[in-house]
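A.B. asks: Pasting in a structure now, in structure tokens, and then I'll have a few things to ask.
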Amino acid sequence: MERIDTDVVIVGAGAAGLTAATKLVAAGRSVVVLEARDRVGGRLWTDTIEGAMLEIGGQWVSPDQDALIETLDELGLETYSRYREGENVYIDKKGERRLFEGEIFPVPAKTEGEIVGLIEKLDELVAQIDPDEPWAHPKAKELDEISFAHWLETQTDDEEARLNIGMFIAGAMLTKPDHAFSALQALLMAASAGSFSNLVDADFILDKRVVGGLQQVPLGLAERLGERVRLGQAVRTIRWGTDVPGAGVVAVTDTLEVHAARVILAVPPILFSRISYDPPLPRRQHQLHQHLSMGFVIKVHAVYETPFWRDAGLSGTAFSPYELCHESYDNTNHDDPRGTLVGFVSDEEADGVFTLSTEERKARILESLSHYYGEQALTPVVYYESDWGSEEWTRGAYAASFDMGGLARYGADLRTPVGPIHFACSDMAGKGYQHVDGAIRMGRLVAAKILEGR
Ligand SMILES: Cc1cc2nc3c(=O)[nH]c(=O)nc-3n(C[C@H](O)[C@H](O)[C@H](O)COP(=O)(O)OP(=O)(O)OC[C@H]3O[C@@H](n4cnc5c(N)ncnc54)[C@H](O)[C@@H]3O)c2cc1C
């Protein structure tokens with residue numbers, strides 16, 4: 001067993017862990033980053049599949065994500081805008097395809113009024129929520145005891161309005177059905193992006209991409225850290241407490257023992273329990289980590305010889321709460337003559353299609369895309385499904401959220417260190433929650449706390 005001594009050992013080479021490492025090294029501390037996979041980036045992963053460059057994990061950057069934008073600038077990475085010229089598509093309950101511009105879907109006037117009213121109401125509530133401490137809202141407990149679906153029912157009896165508003169948080173963000181998370185959790189999701197209106201606005205939330213893919217952020221950070229990053233090193237055990245000299249920690253992998261003053265767990269909180277702790281974590285952590293679970297979404301990539309939908313005057317942006325792919329976009333790469341569509345199949349719909357054979361699933365998903373874009377969508381030259389549910393070191397997508405009542409009950413302790421053990425991950429961010437921006441913020445925060453000796 002190789003032994004390394006360092007100031008801080010970091011578990012996980014995603015955006016959070018690598019940011020923390022970068023900040024600590026800049027302040028003169030020694031670090032070792034242990035990564036289970038044979039690559040860095042975690043949920044950021046750009047790969048070439050059958051000749052097509054695909055962003056298998058996170059990819060979009062929105063204008064409010066200043067921590068991510070600063071990091072892109074530091075690494076000299078360029079961005080480009082998502083294609084958005086032309087009309088968007090909405091499919092209604094009867095399966096009728098309607099074209100529209102702007103943010104509000106082409107629904108009957110009464111439903112439109114209800115949607116606008118719900119957006120205003122949610123914006124008002126979200127403005128009262130501090131994303132860094134949603135549990136501090138005077139009605140936090142009350143809002144955490146009611147599911148988002150139920151809360152919507154208390155606001156309007158218009159089902160199409162509820163389905164559309166529900167979709168922005170449920171299928172599109174937390175990737176859980178809207179009966180499975182609370183109104184408070186929904187408000188946190190919106191507050192983390194500045195407002196509910198920002199979430200509804202695809203041109204805001206899905207504004208830009210990085211030339212060459214967003215995985216270049218962790219790749220660039222890791223390159224600067226050099227040999228401090230060790231791949232293929234799954235941390236199995238963390239020893240801490242009085243038995244460890246200097247009350248520090250020892251992080252143990254199959255071949256390494258890293259002795260340090262502090263450890264940062266920069267992994268999704270649902271994976272904390274994959275590691276054994278000696279002595280065990282305190283009761284509060286044992287309990288609270290059980291109340292978090294990953295959402296689940298399939299990100300579908302379909303590449304065509306040309307972006308044919310543009311010739312038909314379509315932007316590529318398409319939504320429907322009644323479709324298997326509830327949202328889909330033009331995802332053509334920078335300077336690529338081919339056209340790429342990206343669609344999303346979320347939560348229970350994703351469960352459903354995974355009971356089918358690979359071919360049947362592909363046929364169902366492409367059929368859904370063809371409802372938006374026409375028959376040409378049925379025959380891509382490259383087709384790929386990002387299935388993060390099968391990834392041992394992630395186990396879902398996009399990120400983790402609390403079960404009903406969990407946010408008000410446990411949220412305040414999620415980022416609280418336990419002795420020398422610190423936590424950092426996008427899944428525990430306030431601003432930038434569930435996004436790369438949040439991962440970077442959490443990496444910065446934990447590094448700052450360690451440097452301050454907290
Ligand atoms: C399909 C998909 C689409 C997304 N789209 C966007 C988007 O467009 N924009 C956006 O901003 N965000 C998006 N996200 C979310 C974003 O990718 C994540 O929030 C962010 O990358 C998480 O970074 P992290 O460092 O907190 O965690 P992770 O990236 O999960 O990194 C954790 C790392 O820890 C490692 N690890 C786990 N356990 C151990 C162990 N025991 N020992 C050693 N290593 C371990 C893992 O292998 C991993 O590398 C998307 C995510 C997915 C999956």
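Chain identifiers are assigned as A, B, and so on, following the order in which chains appear in the structure tokens; residues are numbered from 1 within each chain, and ligands are numbered from 1 in order of appearance.
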How would you write, as a short mmCIF file (atom, residue, chain, number, x, y, z; two decimals) with N, CA and C atoms, in the first residue's frame, the set of residues no farther than 6 Å from ligand 1 when counting only C-alpha atoms and all ligand atoms?
C.D. replies:
data_model
loop_
_atom_site.label_atom_id
_atom_site.label_comp_id
_atom_site.auth_asym_id
_atom_site.auth_seq_id
_atom_site.Cartn_x
_atom_site.Cartn_y
_atom_site.Cartn_z
N VAL A 11 -11.91 13.75 -2.27
CA VAL A 11 -12.51 12.56 -2.88
C VAL A 11 -13.42 13.03 -4.01
N GLY A 12 -13.06 12.73 -5.26
CA GLY A 12 -13.89 13.10 -6.40
C GLY A 12 -13.28 14.21 -7.23
N ALA A 13 -13.03 13.91 -8.52
CA ALA A 13 -12.45 14.91 -9.43
C ALA A 13 -13.51 15.45 -10.38
N GLY A 14 -14.66 15.84 -9.82
CA GLY A 14 -15.66 16.59 -10.58
C GLY A 14 -15.34 18.08 -10.46
N ALA A 15 -16.26 18.90 -10.95
CA ALA A 15 -16.02 20.35 -10.92
C ALA A 15 -15.83 20.85 -9.48
N ALA A 16 -16.57 20.29 -8.51
CA ALA A 16 -16.46 20.76 -7.13
C ALA A 16 -15.09 20.41 -6.54
N GLY A 17 -14.70 19.14 -6.66
CA GLY A 17 -13.43 18.70 -6.07
C GLY A 17 -12.24 19.40 -6.69
N LEU A 34 -8.46 12.12 -5.20
CA LEU A 34 -8.64 10.70 -5.53
C LEU A 34 -9.94 10.54 -6.32
N GLU A 35 -9.84 9.99 -7.51
CA GLU A 35 -11.01 9.84 -8.39
C GLU A 35 -11.23 8.37 -8.72
N ALA A 36 -12.47 7.90 -8.53
CA ALA A 36 -12.78 6.49 -8.76
C ALA A 36 -12.70 6.11 -10.24
N ARG A 37 -13.17 7.00 -11.10
CA ARG A 37 -13.20 6.67 -12.53
C ARG A 37 -11.81 6.80 -13.16
N VAL A 40 -11.45 12.39 -15.39
CA VAL A 40 -11.96 13.43 -14.49
C VAL A 40 -13.27 13.98 -15.06
N GLY A 41 -13.98 14.74 -14.24
CA GLY A 41 -15.18 15.44 -14.74
C GLY A 41 -16.48 14.97 -14.15
N GLY A 42 -16.54 13.73 -13.66
CA GLY A 42 -17.79 13.24 -13.08
C GLY A 42 -18.94 13.40 -14.07
N ARG A 43 -19.92 14.23 -13.71
CA ARG A 43 -21.10 14.42 -14.55
C ARG A 43 -20.84 15.34 -15.75
N LEU A 44 -19.60 15.73 -15.95
CA LEU A 44 -19.21 16.45 -17.17
C LEU A 44 -18.37 15.49 -18.00
N ILE A 56 -22.22 14.17 -23.03
CA ILE A 56 -23.03 13.11 -22.41
C ILE A 56 -23.65 13.61 -21.09
N GLY A 57 -22.95 14.51 -20.43
CA GLY A 57 -23.46 15.08 -19.17
C GLY A 57 -23.83 16.54 -19.34
N GLY A 58 -23.44 17.36 -18.37
CA GLY A 58 -23.80 18.78 -18.38
C GLY A 58 -23.16 19.54 -19.53
N GLN A 59 -23.86 20.58 -20.00
CA GLN A 59 -23.32 21.32 -21.15
C GLN A 59 -23.67 22.80 -21.19
N TRP A 60 -24.87 23.21 -20.70
CA TRP A 60 -25.29 24.59 -20.92
C TRP A 60 -24.81 25.52 -19.82
N VAL A 61 -24.65 26.79 -20.22
CA VAL A 61 -24.20 27.84 -19.30
C VAL A 61 -25.23 28.96 -19.37
N GLN A 233 -8.96 5.53 -8.41
CA GLN A 233 -8.73 5.39 -6.96
C GLN A 233 -10.03 5.62 -6.21
N ALA A 234 -10.85 4.59 -6.17
CA ALA A 234 -12.11 4.69 -5.42
C ALA A 234 -11.81 4.67 -3.93
N VAL A 235 -12.27 5.68 -3.22
CA VAL A 235 -12.04 5.70 -1.76
C VAL A 235 -13.04 4.76 -1.11
N ARG A 236 -12.52 3.79 -0.37
CA ARG A 236 -13.37 2.77 0.27
C ARG A 236 -13.62 3.11 1.74
N ALA A 266 -16.16 15.34 -2.24
CA ALA A 266 -16.71 16.09 -3.37
C ALA A 266 -17.43 15.12 -4.30
N VAL A 267 -18.35 14.37 -3.73
CA VAL A 267 -19.11 13.35 -4.47
C VAL A 267 -20.59 13.60 -4.20
N PRO A 268 -21.47 13.12 -5.10
CA PRO A 268 -22.90 13.31 -4.82
C PRO A 268 -23.26 12.69 -3.47
N LEU A 271 -23.77 9.07 -2.60
CA LEU A 271 -22.64 8.14 -2.61
C LEU A 271 -21.82 8.18 -1.32
N ILE A 275 -18.85 4.76 1.18
CA ILE A 275 -17.56 4.78 1.89
C ILE A 275 -17.81 4.34 3.33
N LYS A 299 -30.77 11.56 -21.40
CA LYS A 299 -30.45 12.62 -22.36
C LYS A 299 -30.22 11.92 -23.70
N TRP A 393 -20.66 5.44 -10.34
CA TRP A 393 -20.17 6.54 -9.51
C TRP A 393 -21.02 7.80 -9.65
N THR A 394 -22.27 7.64 -10.15
CA THR A 394 -23.21 8.76 -10.18
C THR A 394 -24.62 8.30 -9.77
N ALA A 397 -29.48 11.24 -12.62
CA ALA A 397 -29.22 12.53 -13.23
C ALA A 397 -30.48 13.40 -13.03
N TYR A 398 -30.33 14.68 -12.93
CA TYR A 398 -29.06 15.39 -12.99
C TYR A 398 -28.36 15.38 -11.63
N CYS A 425 -20.43 19.72 -3.27
CA CYS A 425 -21.00 19.09 -4.46
C CYS A 425 -22.10 20.02 -4.99
N SER A 426 -22.36 19.95 -6.29
CA SER A 426 -23.43 20.79 -6.86
C SER A 426 -24.77 20.52 -6.18
N GLN A 434 -27.60 22.04 -8.37
CA GLN A 434 -27.70 21.00 -9.40
C GLN A 434 -26.95 21.35 -10.69
N HIS A 435 -26.23 22.46 -10.69
CA HIS A 435 -25.52 22.89 -11.91
C HIS A 435 -24.02 23.00 -11.64
N VAL A 436 -23.27 23.09 -12.73
CA VAL A 436 -21.81 23.18 -12.61
C VAL A 436 -21.43 24.45 -11.83
N ASP A 437 -22.18 25.51 -12.06
CA ASP A 437 -21.93 26.75 -11.32
C ASP A 437 -22.00 26.49 -9.80
N ALA A 439 -21.50 23.58 -8.32
CA ALA A 439 -20.36 22.73 -7.95
C ALA A 439 -19.14 23.61 -7.69
#
A.B. asks: Would you list the contacts of A:Glu367 as a PyMOL selection string, taking every protein, DNA or RNA residue within 8 Å and counting only C-alpha atoms, but skipping same-chain residues closer than 4 positions in sequence?
C.D. replies: chain A and resi 363+371+377-378
A.B. asks: Please determine, counting only C-alpha atoms, which residue among A:Ala399, A:Leu75, A:Val229, A:Met1 has the shortest atom-to-atom distance to A:Leu214.
C.D. replies: A:Leu75
A.B. asks: With distances taken over only C-alpha atoms, which residue among A:Ile421, A:Leu152, A:Leu77, A:Leu324 lies nearest A:Trp240?
C.D. replies: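 Among A:Ile421, A:Leu152, A:Leu77, A:Leu324, it is A:Ile421 that comes nearest to A:Trp240.
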A.B. asks: Here is a test: counting only C-alpha atoms, which residue of A:Leu356, A:Ala20, A:Ala127, A:Ala408 is nearest to A:Ala424?
C.D. replies: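 Going through A:Leu356, A:Ala20, A:Ala127, A:Ala408 one by one, the smallest distance to A:Ala424 is for A:Ala20.
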A.B. asks: If you take only C-alpha atoms and a cut-off of 12 Å, which residues of stretch 387-406 of chain A touch stretch 179-184 of chain A, and what are their nearest atom pairs and distances in Å to one decimal, in chain and number order, as CSV?
C.D. replies:
residue,atom,partner,partner_atom,distance
A:Ala400,CA,A:Phe181,CA,11.2
A:Ser401,CA,A:Phe181,CA,8.0
A:Phe402,CA,A:Phe181,CA,7.1
A:Asp403,CA,A:Phe181,CA,5.7
A:Met404,CA,A:Ser182,CA,5.3
A:Gly405,CA,A:Ser182,CA,7.0
A:Gly406,CA,A:Ser182,CA,8.9
A.B. asks: Could you write out the selected residues, including N, CA and C atoms, as an mmCIF file, in the first residue's frame?
C.D. replies:
data_model
loop_
_atom_site.group_PDB
_atom_site.id
_atom_site.type_symbol
_atom_site.label_atom_id
_atom_site.label_comp_id
_atom_site.auth_asym_id
_atom_site.auth_seq_id
_atom_site.Cartn_x
_atom_site.Cartn_y
_atom_site.Cartn_z
ATOM 1 N N ALA A 400 -29.116 15.285 -6.897
ATOM 2 C CA ALA A 400 -29.917 14.791 -5.770
ATOM 3 C C ALA A 400 -30.818 15.894 -5.203
ATOM 4 N N SER A 401 -31.970 15.461 -4.706
ATOM 5 C CA SER A 401 -32.857 16.385 -3.998
ATOM 6 C C SER A 401 -33.481 15.634 -2.817
ATOM 7 N N PHE A 402 -34.030 16.406 -1.889
ATOM 8 C CA PHE A 402 -34.617 15.804 -0.682
ATOM 9 C C PHE A 402 -35.992 15.216 -0.961
ATOM 10 N N ASP A 403 -36.357 14.231 -0.165
ATOM 11 C CA ASP A 403 -37.726 13.715 -0.195
ATOM 12 C C ASP A 403 -38.628 14.717 0.532
ATOM 13 N N MET A 404 -39.930 14.404 0.583
ATOM 14 C CA MET A 404 -40.901 15.325 1.195
ATOM 15 C C MET A 404 -40.509 15.603 2.652
ATOM 16 N N GLY A 405 -40.407 16.872 2.981
ATOM 17 C CA GLY A 405 -40.098 17.253 4.368
ATOM 18 C C GLY A 405 -38.616 17.251 4.707
ATOM 19 N N GLY A 406 -37.805 16.684 3.828
ATOM 20 C CA GLY A 406 -36.377 16.520 4.136
ATOM 21 C C GLY A 406 -35.585 17.819 4.114
#
A.B. asks: Applying 9 Å and only C-alpha atoms, which residues near A:Pro279 remain after dropping the ones on its own chain fewer than 2 positions away? List them as JSON, numbers by chain.
C.D. replies: {"A": [238, 239, 240, 241, 276, 277, 281, 282]}
A.B. asks: Can you write just those residues out, N, CA and C atoms, as a compact mmCIF listing (two decimals), in the first residue's frame?
C.D. replies:
# COMPACT_ATOMS: atom_id res chain seq x y z
N ILE A 238 -12.70 5.90 5.14
CA ILE A 238 -12.11 7.11 5.71
C ILE A 238 -11.97 6.88 7.22
N ARG A 239 -10.72 6.93 7.69
CA ARG A 239 -10.47 6.83 9.13
C ARG A 239 -10.28 8.25 9.66
N TRP A 240 -10.93 8.55 10.74
CA TRP A 240 -10.82 9.89 11.30
C TRP A 240 -11.01 9.79 12.80
N GLY A 241 -10.77 10.90 13.49
CA GLY A 241 -11.01 10.86 14.93
C GLY A 241 -9.74 10.64 15.71
N SER A 276 -16.88 3.54 3.88
CA SER A 276 -16.98 3.17 5.30
C SER A 276 -16.23 4.21 6.12
N TYR A 277 -16.79 4.56 7.26
CA TYR A 277 -16.15 5.56 8.11
C TYR A 277 -15.78 4.90 9.44
N LEU A 281 -19.94 7.92 10.89
CA LEU A 281 -20.40 9.32 10.91
C LEU A 281 -21.44 9.46 12.03
N PRO A 282 -21.65 10.69 12.50
CA PRO A 282 -22.65 10.88 13.57
C PRO A 282 -24.08 10.53 13.09
A.B. asks: So that I can check the surroundings of A:Ala350, please list as a compact mmCIF listing (two decimals) with C-alpha atoms, in the first residue's frame every protein, DNA and RNA residue that reaches within 10 Å of it, counting only C-alpha atoms and ignoring chain neighbours fewer than 2 positions away.
C.D. replies:
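Result saved to out26.txt:
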# COMPACT_ATOMS: atom_id res chain seq x y z
CA THR A 175 -36.22 14.90 -12.91
CA PHE A 296 -33.45 10.26 -13.31
CA VAL A 297 -33.44 11.43 -16.92
CA ILE A 298 -32.24 10.04 -20.25
CA LYS A 299 -30.45 12.62 -22.36
CA LEU A 324 -42.27 11.03 -24.16
CA CYS A 325 -39.51 13.60 -24.85
CA PHE A 344 -34.98 14.42 -22.60
CA VAL A 345 -37.04 11.53 -21.23
CA SER A 346 -37.59 12.01 -17.53
CA ASP A 347 -38.45 10.13 -14.33
CA GLU A 348 -41.38 7.67 -14.74
CA GLY A 352 -41.02 2.94 -18.63
CA VAL A 353 -38.76 2.96 -21.70
CA PHE A 354 -36.05 1.04 -19.84
CA THR A 355 -38.44 -1.91 -19.63
CA ARG A 361 -36.83 2.22 -26.82
CA ASP A 387 -27.90 6.73 -19.09
